[in-house]
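Student: I'm passing along structure-v8.tsv; it holds TSV, C-alpha atoms and all ligand atoms.
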```tsv
chain	number	residue	atom	x	y	z
A	380	MET	CA	22.86	42.24	-15.20
A	381	GLU	CA	24.74	41.47	-12.02
A	382	GLY	CA	23.82	37.98	-10.83
A	383	LYS	CA	20.45	38.06	-12.54
A	384	THR	CA	19.65	34.98	-14.53
A	385	LYS	CA	16.80	34.82	-17.03
A	386	ARG	CA	14.66	31.83	-16.16
A	387	LEU	CA	13.88	30.23	-19.51
A	388	TYR	CA	11.60	27.63	-17.89
A	389	PHE	CA	9.11	30.38	-16.98
A	390	ASP	CA	8.16	30.85	-20.64
A	391	ASP	CA	8.82	27.34	-21.90
A	392	PRO	CA	8.96	24.45	-19.44
A	393	TYR	CA	9.47	22.04	-22.38
A	394	LYS	CA	12.73	23.65	-23.53
A	395	VAL	CA	15.61	21.26	-22.83
A	396	LYS	CA	18.61	22.82	-24.61
A	397	PHE	CA	20.02	26.30	-24.22
A	398	GLU	CA	23.15	28.38	-24.63
A	399	ALA	CA	24.32	30.85	-22.03
A	400	ASN	CA	27.14	33.15	-21.03
A	401	VAL	CA	28.97	32.50	-17.77
A	402	ILE	CA	28.61	35.51	-15.47
A	403	GLU	CA	30.47	34.07	-12.51
A	404	GLU	CA	32.34	30.92	-11.58
A	405	ILE	CA	32.82	30.51	-7.83
A	406	PRO	CA	34.23	27.74	-5.58
A	407	TYR	CA	31.37	25.85	-3.96
A	408	GLY	CA	31.53	22.94	-1.48
A	409	GLY	CA	34.59	21.29	-3.01
A	410	GLY	CA	33.35	21.93	-6.55
A	411	TRP	CA	32.36	24.94	-8.62
A	412	ALA	CA	29.16	26.91	-9.03
A	413	LEU	CA	28.29	28.70	-12.26
A	414	VAL	CA	26.03	31.71	-12.52
A	415	LEU	CA	24.65	32.08	-16.05
A	416	ASP	CA	22.88	34.91	-17.88
A	417	GLN	CA	20.02	32.53	-18.69
A	418	THR	CA	19.08	28.96	-17.80
A	419	CYS	CA	16.57	26.17	-18.31
A	420	PHE	CA	17.59	24.64	-14.97
A	421	TYR	CA	14.99	24.96	-12.21
A	422	PRO	CA	16.70	25.65	-8.86
A	423	GLU	CA	15.44	23.65	-5.89
A	424	SER	CA	12.65	25.59	-4.13
A	425	GLY	CA	9.02	25.56	-3.10
A	426	GLY	CA	9.02	21.80	-2.54
A	427	GLN	CA	10.27	21.04	-6.06
A	428	PRO	CA	13.77	19.51	-6.42
A	429	SER	CA	16.20	21.01	-8.91
A	430	ASP	CA	16.51	19.80	-12.48
A	431	ARG	CA	19.23	17.41	-13.55
A	432	GLY	CA	21.31	17.70	-16.67
A	433	THR	CA	24.62	18.88	-18.07
A	434	LEU	CA	26.59	22.01	-18.88
A	435	ASN	CA	29.15	21.50	-21.67
A	436	GLY	CA	28.63	17.76	-21.14
A	437	LEU	CA	29.49	17.89	-17.42
A	438	SER	CA	26.91	16.69	-14.91
A	439	VAL	CA	25.16	19.36	-12.88
A	440	ILE	CA	25.02	17.99	-9.32
A	441	LYS	CA	22.35	20.39	-8.11
A	442	VAL	CA	20.96	23.83	-8.75
A	443	VAL	CA	20.28	26.12	-5.83
A	444	GLU	CA	19.31	29.72	-5.32
A	445	GLU	CA	21.48	31.62	-2.85
A	446	ASN	CA	21.45	35.38	-2.26
A	447	GLY	CA	19.38	35.90	-5.39
A	448	LYS	CA	21.79	33.93	-7.60
A	449	ILE	CA	21.02	30.68	-9.37
A	450	LEU	CA	24.04	28.43	-8.75
A	451	HIS	CA	24.67	25.49	-11.09
A	452	VAL	CA	26.90	23.22	-9.01
A	453	LEU	CA	29.50	21.11	-10.83
A	454	LYS	CA	32.34	18.91	-9.61
A	455	GLN	CA	34.91	20.66	-11.79
A	456	LYS	CA	35.68	24.01	-13.34
A	457	ILE	CA	34.54	24.96	-16.83
A	458	ASP	CA	37.18	26.95	-18.67
A	459	SER	CA	34.80	28.73	-20.99
A	460	LYS	CA	32.76	31.88	-21.03
A	461	LYS	CA	30.00	30.18	-22.97
A	462	VAL	CA	28.13	27.03	-22.06
A	463	CYS	CA	25.75	24.69	-23.74
A	464	GLY	CA	23.16	23.33	-21.32
A	465	GLN	CA	20.82	20.40	-21.49
A	466	ILE	CA	18.29	19.30	-18.90
A	467	ASP	CA	17.02	15.77	-18.30
A	468	PHE	CA	13.47	16.04	-19.65
A	469	GLU	CA	12.28	12.79	-18.06
A	470	VAL	CA	13.00	14.23	-14.60
A	471	ARG	CA	11.62	17.65	-15.58
A	472	PHE	CA	8.37	16.24	-16.92
A	473	ASP	CA	7.98	14.07	-13.81
A	474	HIS	CA	8.31	17.19	-11.64
A	475	MET	CA	5.82	19.02	-13.89
A	476	GLN	CA	3.29	16.22	-13.41
A	477	GLN	CA	3.72	16.06	-9.62
A	478	HIS	CA	3.71	19.84	-9.19
A	479	ALA	CA	0.66	20.58	-11.31
A	480	GLY	CA	-1.06	17.57	-9.71
A	481	GLN	CA	-0.43	19.16	-6.33
A	482	HIS	CA	-2.10	22.44	-7.41
A	483	ILE	CA	-5.22	20.51	-8.41
A	484	LEU	CA	-5.17	18.33	-5.30
A	485	SER	CA	-4.74	21.38	-3.05
A	486	GLN	CA	-7.61	23.24	-4.73
A	487	SER	CA	-9.78	20.10	-4.44
A	488	PHE	CA	-9.16	20.06	-0.67
A	489	PHE	CA	-10.01	23.75	-0.57
A	490	GLU	CA	-13.16	23.43	-2.66
A	491	LEU	CA	-14.56	20.37	-0.88
A	492	PHE	CA	-13.38	20.89	2.70
A	493	LYS	CA	-12.21	24.53	2.85
A	494	ALA	CA	-8.87	23.06	3.91
A	495	GLU	CA	-5.65	24.88	3.10
A	496	THR	CA	-2.36	23.36	2.00
A	497	LEU	CA	0.34	24.07	4.56
A	498	SER	CA	3.31	22.47	2.83
A	499	PHE	CA	4.24	20.48	-0.25
A	500	HIS	CA	7.22	18.32	-1.14
A	501	ILE	CA	8.15	16.29	-4.22
A	502	GLY	CA	10.07	13.23	-3.03
A	503	GLY	CA	12.02	10.66	-5.01
A	504	ASP	CA	9.11	8.18	-5.01
A	505	VAL	CA	6.07	9.98	-3.66
A	506	SER	CA	5.05	13.57	-3.01
A	507	THR	CA	3.33	14.89	0.08
A	508	VAL	CA	0.97	17.70	1.00
A	509	GLU	CA	0.20	18.67	4.57
A	510	ILE	CA	-3.40	19.83	4.76
A	511	ASP	CA	-5.03	21.92	7.48
A	512	ILE	CA	-7.66	19.29	8.26
A	513	ARG	CA	-8.18	17.23	11.43
A	514	LYS	CA	-8.93	13.87	9.85
A	515	ALA	CA	-9.86	12.28	6.53
A	516	SER	CA	-11.98	9.21	5.87
A	517	GLU	CA	-11.66	6.78	2.99
A	518	GLU	CA	-14.76	8.45	1.44
A	519	ASP	CA	-13.33	11.97	1.83
A	520	VAL	CA	-10.17	10.95	-0.02
A	521	GLU	CA	-12.24	9.30	-2.74
A	522	LYS	CA	-14.19	12.55	-3.23
A	523	ILE	CA	-10.94	14.50	-3.49
A	524	GLU	CA	-9.50	12.07	-6.02
A	525	LYS	CA	-12.64	12.14	-8.13
A	526	LEU	CA	-12.71	15.93	-8.31
A	527	ALA	CA	-8.96	16.18	-8.99
A	528	ASN	CA	-9.08	13.61	-11.79
A	529	GLN	CA	-12.18	15.20	-13.30
A	530	ILE	CA	-10.07	18.37	-13.72
A	531	VAL	CA	-7.38	16.25	-15.38
A	532	PHE	CA	-9.87	14.62	-17.77
A	533	GLN	CA	-11.30	18.01	-18.72
A	534	ASN	CA	-7.83	18.78	-20.09
A	535	LYS	CA	-7.96	22.36	-18.87
A	536	GLU	CA	-5.38	24.91	-19.89
A	537	ILE	CA	-2.67	25.77	-17.35
A	538	LYS	CA	-1.59	29.36	-17.84
A	539	THR	CA	1.29	31.22	-16.22
A	540	TYR	CA	1.65	34.98	-16.13
A	541	PHE	CA	3.10	37.77	-14.05
A	542	VAL	CA	0.86	40.21	-12.26
A	543	SER	CA	2.28	43.42	-10.88
A	544	GLY	CA	1.43	45.79	-8.06
A	545	ASP	CA	-2.14	46.12	-6.89
A	546	GLU	CA	-3.51	44.10	-9.79
A	547	ILE	CA	-2.75	41.02	-7.71
A	548	GLN	CA	-5.84	41.86	-5.61
A	549	GLN	CA	-7.97	41.09	-8.69
A	550	ILE	CA	-6.67	37.51	-8.86
A	551	PRO	CA	-8.58	35.03	-6.66
A	552	LEU	CA	-5.42	33.37	-5.31
A	553	ARG	CA	-5.96	30.24	-3.23
A	554	LYS	CA	-3.36	31.57	-0.81
A	555	PRO	CA	-3.36	35.38	-0.80
A	556	GLN	CA	0.14	36.86	-1.03
A	557	LYS	CA	1.54	39.54	1.26
A	558	LYS	CA	4.21	40.39	-1.31
A	559	LYS	CA	3.24	43.12	-3.78
A	560	GLY	CA	3.92	42.16	-7.39
A	561	PRO	CA	5.27	41.19	-9.68
A	562	ILE	CA	3.92	37.77	-8.76
A	563	ARG	CA	3.90	34.76	-11.05
A	564	VAL	CA	0.43	33.25	-11.18
A	565	VAL	CA	-0.21	29.67	-12.23
A	566	GLU	CA	-3.83	29.32	-13.30
A	567	VAL	CA	-5.60	26.06	-13.88
A	568	SER	CA	-8.34	27.49	-16.04
A	569	ASP	CA	-11.54	28.24	-14.02
A	570	PHE	CA	-10.32	26.11	-11.15
A	571	ASP	CA	-7.19	27.25	-9.32
A	572	PHE	CA	-5.05	30.37	-9.02
A	573	SER	CA	-1.72	30.00	-7.24
A	574	ALA	CA	1.37	32.11	-6.80
A	575	CYS	CA	4.11	29.74	-7.93
A	576	GLY	CA	7.53	29.75	-9.57
A	577	GLY	CA	7.58	26.06	-10.48
A	578	THR	CA	7.31	24.16	-13.74
A	579	HIS	CA	3.91	22.89	-14.95
A	580	PRO	CA	2.59	21.43	-18.20
A	581	TYR	CA	0.36	23.47	-20.54
A	582	ARG	CA	-2.74	21.32	-20.03
A	583	THR	CA	-4.10	19.23	-17.14
A	584	GLY	CA	-4.39	16.11	-19.32
A	585	GLU	CA	-0.59	15.85	-19.31
A	586	ILE	CA	-0.60	15.33	-15.54
A	587	GLY	CA	-2.23	11.93	-15.93
A	588	LEU	CA	-3.86	10.15	-13.01
A	589	ILE	CA	-3.69	11.81	-9.59
A	590	LYS	CA	-3.74	9.17	-6.85
A	591	VAL	CA	-3.55	9.50	-3.07
A	592	LEU	CA	-1.63	6.53	-1.66
A	593	LYS	CA	-2.01	7.01	2.09
A	594	TRP	CA	-2.44	9.61	4.78
A	595	GLU	CA	-1.49	10.09	8.40
A	596	ARG	CA	-1.90	12.63	11.17
A	597	ILE	CA	1.01	14.95	11.64
A	598	ARG	CA	1.02	17.73	14.24
A	599	ASN	CA	-2.66	18.72	14.20
A	600	ASN	CA	-3.03	18.18	10.44
A	601	VAL	CA	-3.12	15.35	7.93
A	602	ARG	CA	-0.28	14.60	5.54
A	603	PHE	CA	-1.25	12.93	2.26
A	604	GLU	CA	1.12	10.93	0.09
A	605	PHE	CA	0.28	11.07	-3.60
A	606	VAL	CA	1.60	10.24	-7.05
A	607	CYS	CA	0.75	11.64	-10.47
A	608	GLY	CA	1.26	10.64	-14.09
A	609	ASN	CA	4.00	8.11	-14.73
A	610	ARG	CA	4.47	7.55	-11.02
A	611	ALA	CA	0.78	6.64	-10.69
A	612	LEU	CA	1.05	4.35	-13.72
A	613	ASN	CA	4.11	2.60	-12.26
A	614	ASP	CA	2.39	2.28	-8.91
A	615	TYR	CA	-0.65	0.70	-10.57
A	616	ILE	CA	1.52	-1.69	-12.60
A	617	SER	CA	3.36	-2.82	-9.47
A	618	LYS	CA	0.25	-3.14	-7.28
A	619	ASN	CA	-1.75	-4.90	-9.97
A	620	ARG	CA	1.09	-7.36	-10.54
A	621	GLN	CA	1.31	-8.15	-6.83
A	622	MET	CA	-2.45	-8.44	-6.49
A	623	ARG	CA	-2.59	-10.82	-9.45
A	624	GLN	CA	0.20	-12.95	-8.06
A	625	ILE	CA	-1.46	-13.13	-4.63
A	626	SER	CA	-4.78	-14.08	-6.19
A	627	ILE	CA	-3.19	-16.82	-8.34
A	628	ARG	CA	-0.90	-18.21	-5.65
A	629	PHE	CA	-3.55	-18.38	-2.93
A	630	ASN	CA	-6.45	-19.00	-5.25
A	631	ILE	CA	-8.45	-15.98	-4.10
A	632	ASN	CA	-10.51	-13.38	-5.92
A	633	GLU	CA	-8.40	-10.23	-6.29
A	634	TYR	CA	-11.37	-8.02	-5.43
A	635	GLU	CA	-11.92	-9.93	-2.18
A	636	VAL	CA	-8.32	-10.05	-1.01
A	637	VAL	CA	-8.92	-8.53	2.42
A	638	SER	CA	-11.70	-10.92	3.47
A	639	SER	CA	-9.85	-13.89	1.92
A	640	VAL	CA	-6.59	-13.05	3.69
A	641	GLU	CA	-8.45	-12.53	6.96
A	642	LYS	CA	-10.03	-15.96	6.55
A	643	LEU	CA	-6.67	-17.57	5.72
A	644	PHE	CA	-5.04	-15.84	8.66
A	645	SER	CA	-7.67	-16.97	11.12
A	646	GLU	CA	-7.29	-20.54	9.80
A	647	PHE	CA	-3.53	-20.22	10.21
A	648	LYS	CA	-3.93	-19.02	13.81
A	649	GLY	CA	-6.25	-21.97	14.53
A	650	GLN	CA	-3.70	-24.41	13.06
A	651	LYS	CA	-0.92	-22.83	15.09
A	652	LYS	CA	-2.91	-23.33	18.28
A	653	LYS	CA	-3.56	-26.96	17.37
A	654	ILE	CA	0.10	-27.58	16.59
A	655	LYS	CA	1.12	-26.05	19.90
A	656	LYS	CA	-1.25	-28.40	21.73
A	657	ILE	CA	0.11	-31.42	19.86
A	658	GLN	CA	3.70	-30.33	20.53
A	659	GLU	CA	2.89	-30.04	24.23
A	660	GLN	CA	1.45	-33.52	24.23
A	661	ILE	CA	4.57	-34.88	22.52
A	662	ILE	CA	6.76	-33.14	25.10
A	663	GLN	CA	4.68	-34.65	27.89
A	664	TYR	CA	5.35	-38.14	26.45
A	665	GLU	CA	9.02	-37.27	26.04
A	666	ALA	CA	9.13	-36.13	29.66
A	667	GLN	CA	7.62	-39.42	30.84
A	668	GLU	CA	10.16	-41.37	28.80
A	669	ILE	CA	13.14	-39.37	30.06
A	670	ALA	CA	11.96	-39.65	33.67
A	671	SER	CA	11.36	-43.40	33.47
A	672	ASN	CA	14.70	-44.08	31.75
A	673	ALA	CA	16.68	-41.97	34.20
A	674	LYS	CA	19.45	-43.92	35.91
A	675	ASP	CA	20.48	-41.07	38.16
A	676	VAL	CA	18.74	-38.41	40.20
A	677	VAL	CA	20.49	-35.79	38.03
A	678	ILE	CA	19.44	-35.88	34.35
A	679	LYS	CA	21.82	-34.07	32.02
A	680	ASN	CA	21.23	-33.54	28.31
A	681	ILE	CA	22.00	-31.22	25.40
A	682	PHE	CA	19.33	-30.47	22.77
A	683	GLN	CA	19.61	-28.81	19.40
A	684	GLU	CA	16.17	-28.78	17.81
A	685	LYS	CA	13.96	-27.36	20.54
A	686	THR	CA	13.01	-23.78	21.32
A	687	PRO	CA	13.81	-22.37	24.79
A	688	GLU	CA	10.05	-22.52	25.59
A	689	GLU	CA	9.87	-26.20	24.64
A	690	LEU	CA	12.94	-26.93	26.74
A	691	ARG	CA	11.37	-25.24	29.76
A	692	PHE	CA	8.11	-27.11	29.23
A	693	LEU	CA	10.00	-30.43	29.00
A	694	ALA	CA	11.96	-29.73	32.19
A	695	LEU	CA	8.80	-28.75	34.09
A	696	ASN	CA	7.04	-31.94	33.04
A	697	ILE	CA	10.00	-34.09	34.11
A	698	ILE	CA	10.28	-32.60	37.60
A	699	ARG	CA	6.52	-32.97	38.01
A	700	ASN	CA	6.78	-36.68	37.19
A	701	GLY	CA	9.77	-37.71	39.28
A	702	GLU	CA	12.07	-36.85	42.11
A	703	VAL	CA	14.89	-35.63	39.86
A	704	VAL	CA	17.10	-32.66	39.01
A	705	VAL	CA	17.25	-31.63	35.36
A	706	ILE	CA	20.31	-29.98	33.81
A	707	PHE	CA	19.43	-29.14	30.18
A	708	GLY	CA	21.35	-27.20	27.58
A	709	LEU	CA	20.24	-25.89	24.20
A	710	LYS	CA	22.87	-25.27	21.54
A	711	LYS	CA	21.26	-23.24	18.79
A	712	GLU	CA	22.58	-20.57	16.41
A	713	ALA	CA	24.82	-18.07	18.15
A	714	ARG	CA	23.53	-18.43	21.73
A	715	VAL	CA	23.26	-21.11	24.38
A	716	HIS	CA	20.33	-21.64	26.68
A	717	LEU	CA	20.26	-23.56	29.97
A	718	VAL	CA	17.29	-24.83	31.96
A	719	LEU	CA	18.12	-26.02	35.48
A	720	ALA	CA	15.14	-27.52	37.31
A	721	CYS	CA	14.54	-29.54	40.45
A	722	ALA	CA	11.56	-31.42	41.85
A	723	GLU	CA	10.23	-29.45	44.81
A	724	SER	CA	10.45	-32.46	47.13
A	725	ILE	CA	14.26	-32.44	46.76
A	726	GLY	CA	14.33	-28.98	48.28
A	727	LEU	CA	17.27	-27.41	46.42
A	728	ASP	CA	17.36	-23.74	45.42
A	729	MET	CA	18.41	-23.66	41.77
A	730	ARG	CA	19.03	-19.90	41.94
A	731	GLU	CA	22.29	-20.69	43.78
A	732	LEU	CA	23.61	-21.90	40.41
A	733	ILE	CA	23.14	-18.54	38.69
A	734	PRO	CA	26.31	-16.74	39.87
A	735	PHE	CA	28.24	-19.97	39.48
A	736	ILE	CA	27.26	-20.79	35.87
A	737	CYS	CA	26.63	-17.37	34.29
A	738	PRO	CA	30.32	-16.34	34.00
A	739	LEU	CA	31.09	-19.61	32.18
A	740	ILE	CA	28.66	-18.89	29.38
A	741	LYS	CA	28.94	-15.09	29.51
A	742	GLY	CA	25.25	-14.91	30.17
A	743	LYS	CA	22.51	-13.97	32.54
A	744	GLY	CA	19.27	-15.39	33.79
A	745	GLY	CA	16.87	-15.93	36.63
A	746	GLY	CA	13.89	-17.88	37.84
A	747	SER	CA	12.40	-19.55	40.91
A	748	SER	CA	13.89	-21.95	43.42
A	749	SER	CA	12.71	-24.93	41.37
A	750	LEU	CA	13.57	-23.66	37.87
A	751	VAL	CA	16.07	-21.20	36.47
A	752	GLU	CA	16.85	-20.29	32.87
A	753	LEU	CA	20.17	-18.90	31.70
A	754	SER	CA	21.11	-17.56	28.34
A	755	GLY	CA	24.61	-16.72	27.14
A	756	GLU	CA	26.92	-16.28	24.19
A	757	GLU	CA	29.82	-18.61	25.07
A	758	LYS	CA	28.69	-21.60	23.03
A	759	GLU	CA	31.94	-23.55	23.44
A	760	ASN	CA	31.59	-23.76	27.23
A	761	LEU	CA	28.14	-25.35	27.29
A	762	GLU	CA	29.34	-28.89	28.09
A	763	MET	CA	31.63	-27.60	30.83
A	764	ALA	CA	28.86	-25.46	32.31
A	765	LEU	CA	26.51	-28.46	32.46
A	766	ASP	CA	29.23	-30.61	34.09
A	767	ARG	CA	29.94	-27.94	36.70
A	768	ALA	CA	26.22	-27.58	37.44
A	769	CYS	CA	26.02	-31.35	37.80
A	770	GLU	CA	28.94	-31.43	40.28
A	771	PHE	CA	27.46	-28.52	42.23
A	772	ILE	CA	24.11	-30.30	42.56
A	773	LYS	CA	25.66	-33.65	43.50
A	774	ASN	CA	27.65	-31.98	46.29
A	775	LYS	CA	24.42	-30.55	47.67
A	776	LEU	CA	22.45	-33.78	47.55
B	1	ZN	ZN	3.35	25.22	-8.94
```
Could you express the structure from this file as structure tokens?
Tutor:
Amino acid sequence: MEGKTKRLYFDDPYKVKFEANVIEEIPYGGGWALVLDQTCFYPESGGQPSDRGTLNGLSVIKVVEENGKILHVLKQKIDSKKVCGQIDFEVRFDHMQQHAGQHILSQSFFELFKAETLSFHIGGDVSTVEIDIRKASEEDVEKIEKLANQIVFQNKEIKTYFVSGDEIQQIPLRKPQKKKGPIRVVEVSDFDFSACGGTHPYRTGEIGLIKVLKWERIRNNVRFEFVCGNRALNDYISKNRQMRQISIRFNINEYEVVSSVEKLFSEFKGQKKKIKKIQEQIIQYEAQEIASNAKDVVIKNIFQEKTPEELRFLALNIIRNGEVVVIFGLKKEARVHLVLACAESIGLDMRELIPFICPLIKGKGGGSSSLVELSGEEKENLEMALDRACEFIKNKL
């Protein structure tokens, strides 16, 4: 009986409590791993995560299979030769729903598109299957879902049994096995035959709804995300709630959300364009006012409300309207922004200011001879930087 553990979940996946003898207790990754003579715990494998639960009331962190031994990993040692185990049935049943759902989904892909399942994984929120298929349309997925759920509604029996030796050739396995028996077969009555060591319910009705959520190309295949049973119910509850809230808040029909949102979005884009035009007009007036009120050829100012784009637009409009030099600063959030512009008729090269001002604001920038923009992080030095720029310009004039 060396290292061999009887897997109680093979015969009864609904069994949650068991008693066992400790065969071995070995140090494992800072904790301890127990090998038992029998267990209800499913060890992580074949895309299905391990069960959760307790041994003598202590939490089992994970269950893995290494060198043919099922290791129940615990944080501490158990000083007993006998243990009382209990698995978390909510987690177990969830895995049963996802796993059996995958068998049906995989056989549906095979039956409808002759496409094989290359890999399968039960995740914390969704499960995935990678299918040997080049692409899938919305209609293809709908066909798959309809067939899969029809098998669920027919409440077919799910049988598990071991087949030994050459007898395995008599079983129409979806994926033929190279290994010669004994092989555990999971049969969804008259529909699917798979070699599998996982946990599944006794009837397909227990799986509940099988729903594909999305799909994407991966390598040369397509990977489908799906949920079954309670996960599908929770997904529907959440999506229906959000859909209802959207429809109430924006006064749209929940079955016409896409076209309604598209309409709203195009209206929003139109409004944005209009606002931008109006803002530009306002800035043009502002530019005229600043230029006509200017008492000096150098106009210096600090703004707080504008965006860098608006500041640039304002500066450009001012130098177009008058023979002036503009030294503007923007003090917003964590960064500072400077726009230094000069009417072309004055003939200064504003780029000469870049190496002079940048170190003061710990920034960088660039531009043309008539307009440069600088951006930096030294907010406190903005006033000083503008004063220095002003002096520099006045010395050149
Ligand atoms: Zn399975």
Student: Measure the distance from atom CA of Phe735 of chain A to atom CA of Ala768 of chain A in Å and round it to one decimal.
Tutor: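 Pair atom CA of Phe735 of chain A / atom CA of Ala768 of chain A returns 8.1 Å.
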Student: Enumerate residues in contact with ligand ZN 1 (chain B): an atom-to-atom distance of at most 9 Å, counting all atoms listed in the file. Format the result as a list in words.
Tutor: Gly425, Gln427, Met475, His478, Ala479, Gly480, Gln481, His482, Val564, Val565, Ser573, Ala574, Cys575, Gly576, Gly577, Thr578 and His579 of chain A
Student: Any idea what's packed within 9 Å of Arg691 of chain A, counting all atoms listed in the file, ignoring anything in its chain fewer than 3 positions away? Could you give it as a ChimeraX atom specification?
Tutor: /A:686-688,694-696,707,718-720,750,752
Student: Looking at A:Asn435, A:Lys394, A:Ile457, A:Asp519, which one is nearest to Ala412 of chain A, with distances taken over all atoms listed in the file?
Tutor: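 For Ala412 of chain A, the nearest of the given residues is A:Ile457.
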Student: Hey, can you check how far atom CA of Lys773 of chain A sits from atom CA of Pro738 of chain A?
Tutor: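 Atom-to-atom, atom CA of Lys773 of chain A to atom CA of Pro738 of chain A, that is 20.3 Å.
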Student: Taking all atoms listed in the file into account, which of A:Phe397, A:Phe629, A:Phe472, A:Tyr388 comes nearest Glu585 of chain A?
Tutor: A:Phe472
Student: Within 12 Å of Asp728 of chain A, counting all atoms listed in the file, which residues show up once you throw out same-chain ones fewer than 3 positions away? Write them as a list in words, please.
Tutor: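 Those residues are Val704, Leu719, Ala720, Cys721, Ala722, Glu723, Ser724, Ile725, Glu731, Leu732, Ile733, Gly745, Gly746, Ser747, Ser748, Ser749, Leu750, Val751, Phe771, Ile772, Lys775 and Leu776 of chain A.
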Student: Ranking A:Phe499, A:Phe489, A:Phe603, A:Phe389 by minimum distance to Lys538 of chain A and counting only C-alpha atoms, which one comes first?
Tutor: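 Among A:Phe499, A:Phe489, A:Phe603, A:Phe389, it is A:Phe389 that comes nearest to Lys538 of chain A.
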Student: Quick one: residues within 12 Å of Leu739 of chain A, only C-alpha atoms counted, chain neighbours fewer than 2 positions away excluded, as a PyMOL selection string?
Tutor: chain A and resi 715+717+732-737+741-743+753-768
Student: Pick the closest to Gly708 of chain A from A:Glu770, A:Glu595, A:Glu689, A:Asp569: which is it, counting only C-alpha atoms?
Tutor: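 For Gly708 of chain A, the nearest of the given residues is A:Glu689.
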Student: Mind working out the centre and edge lengths of an axis-aligned box for segment 566-581 of chain A, all listed atoms inside, 8 Å added to each side, rounded to one decimal in Å and written as AutoDock Vina command-line options?
Tutor:
```
--center_x -2.0 --center_y 26.8 --center_z -13.7 --size_x 35.1 --size_y 26.7 --size_z 29.7
```
Student: Give me, please, the distance in Å between atom CA of Gly410 of chain A and atom CA of Glu423 of chain A, quoted to one decimal.
Tutor: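 Rounded to one decimal, the two atoms are 18.0 Å apart.
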Student: Just want the 10 Å neighbourhood of segment 640-654 of chain A, counted on all atoms listed in the file, with same-chain residues fewer than 4 positions away dropped. Output as a list in words.
Tutor: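 Near neighbours after the sequence-gap exclusion: Ile625, Phe629, Ile631, Glu635, Val636, Gln658, Glu659 and Gln660 of chain A.
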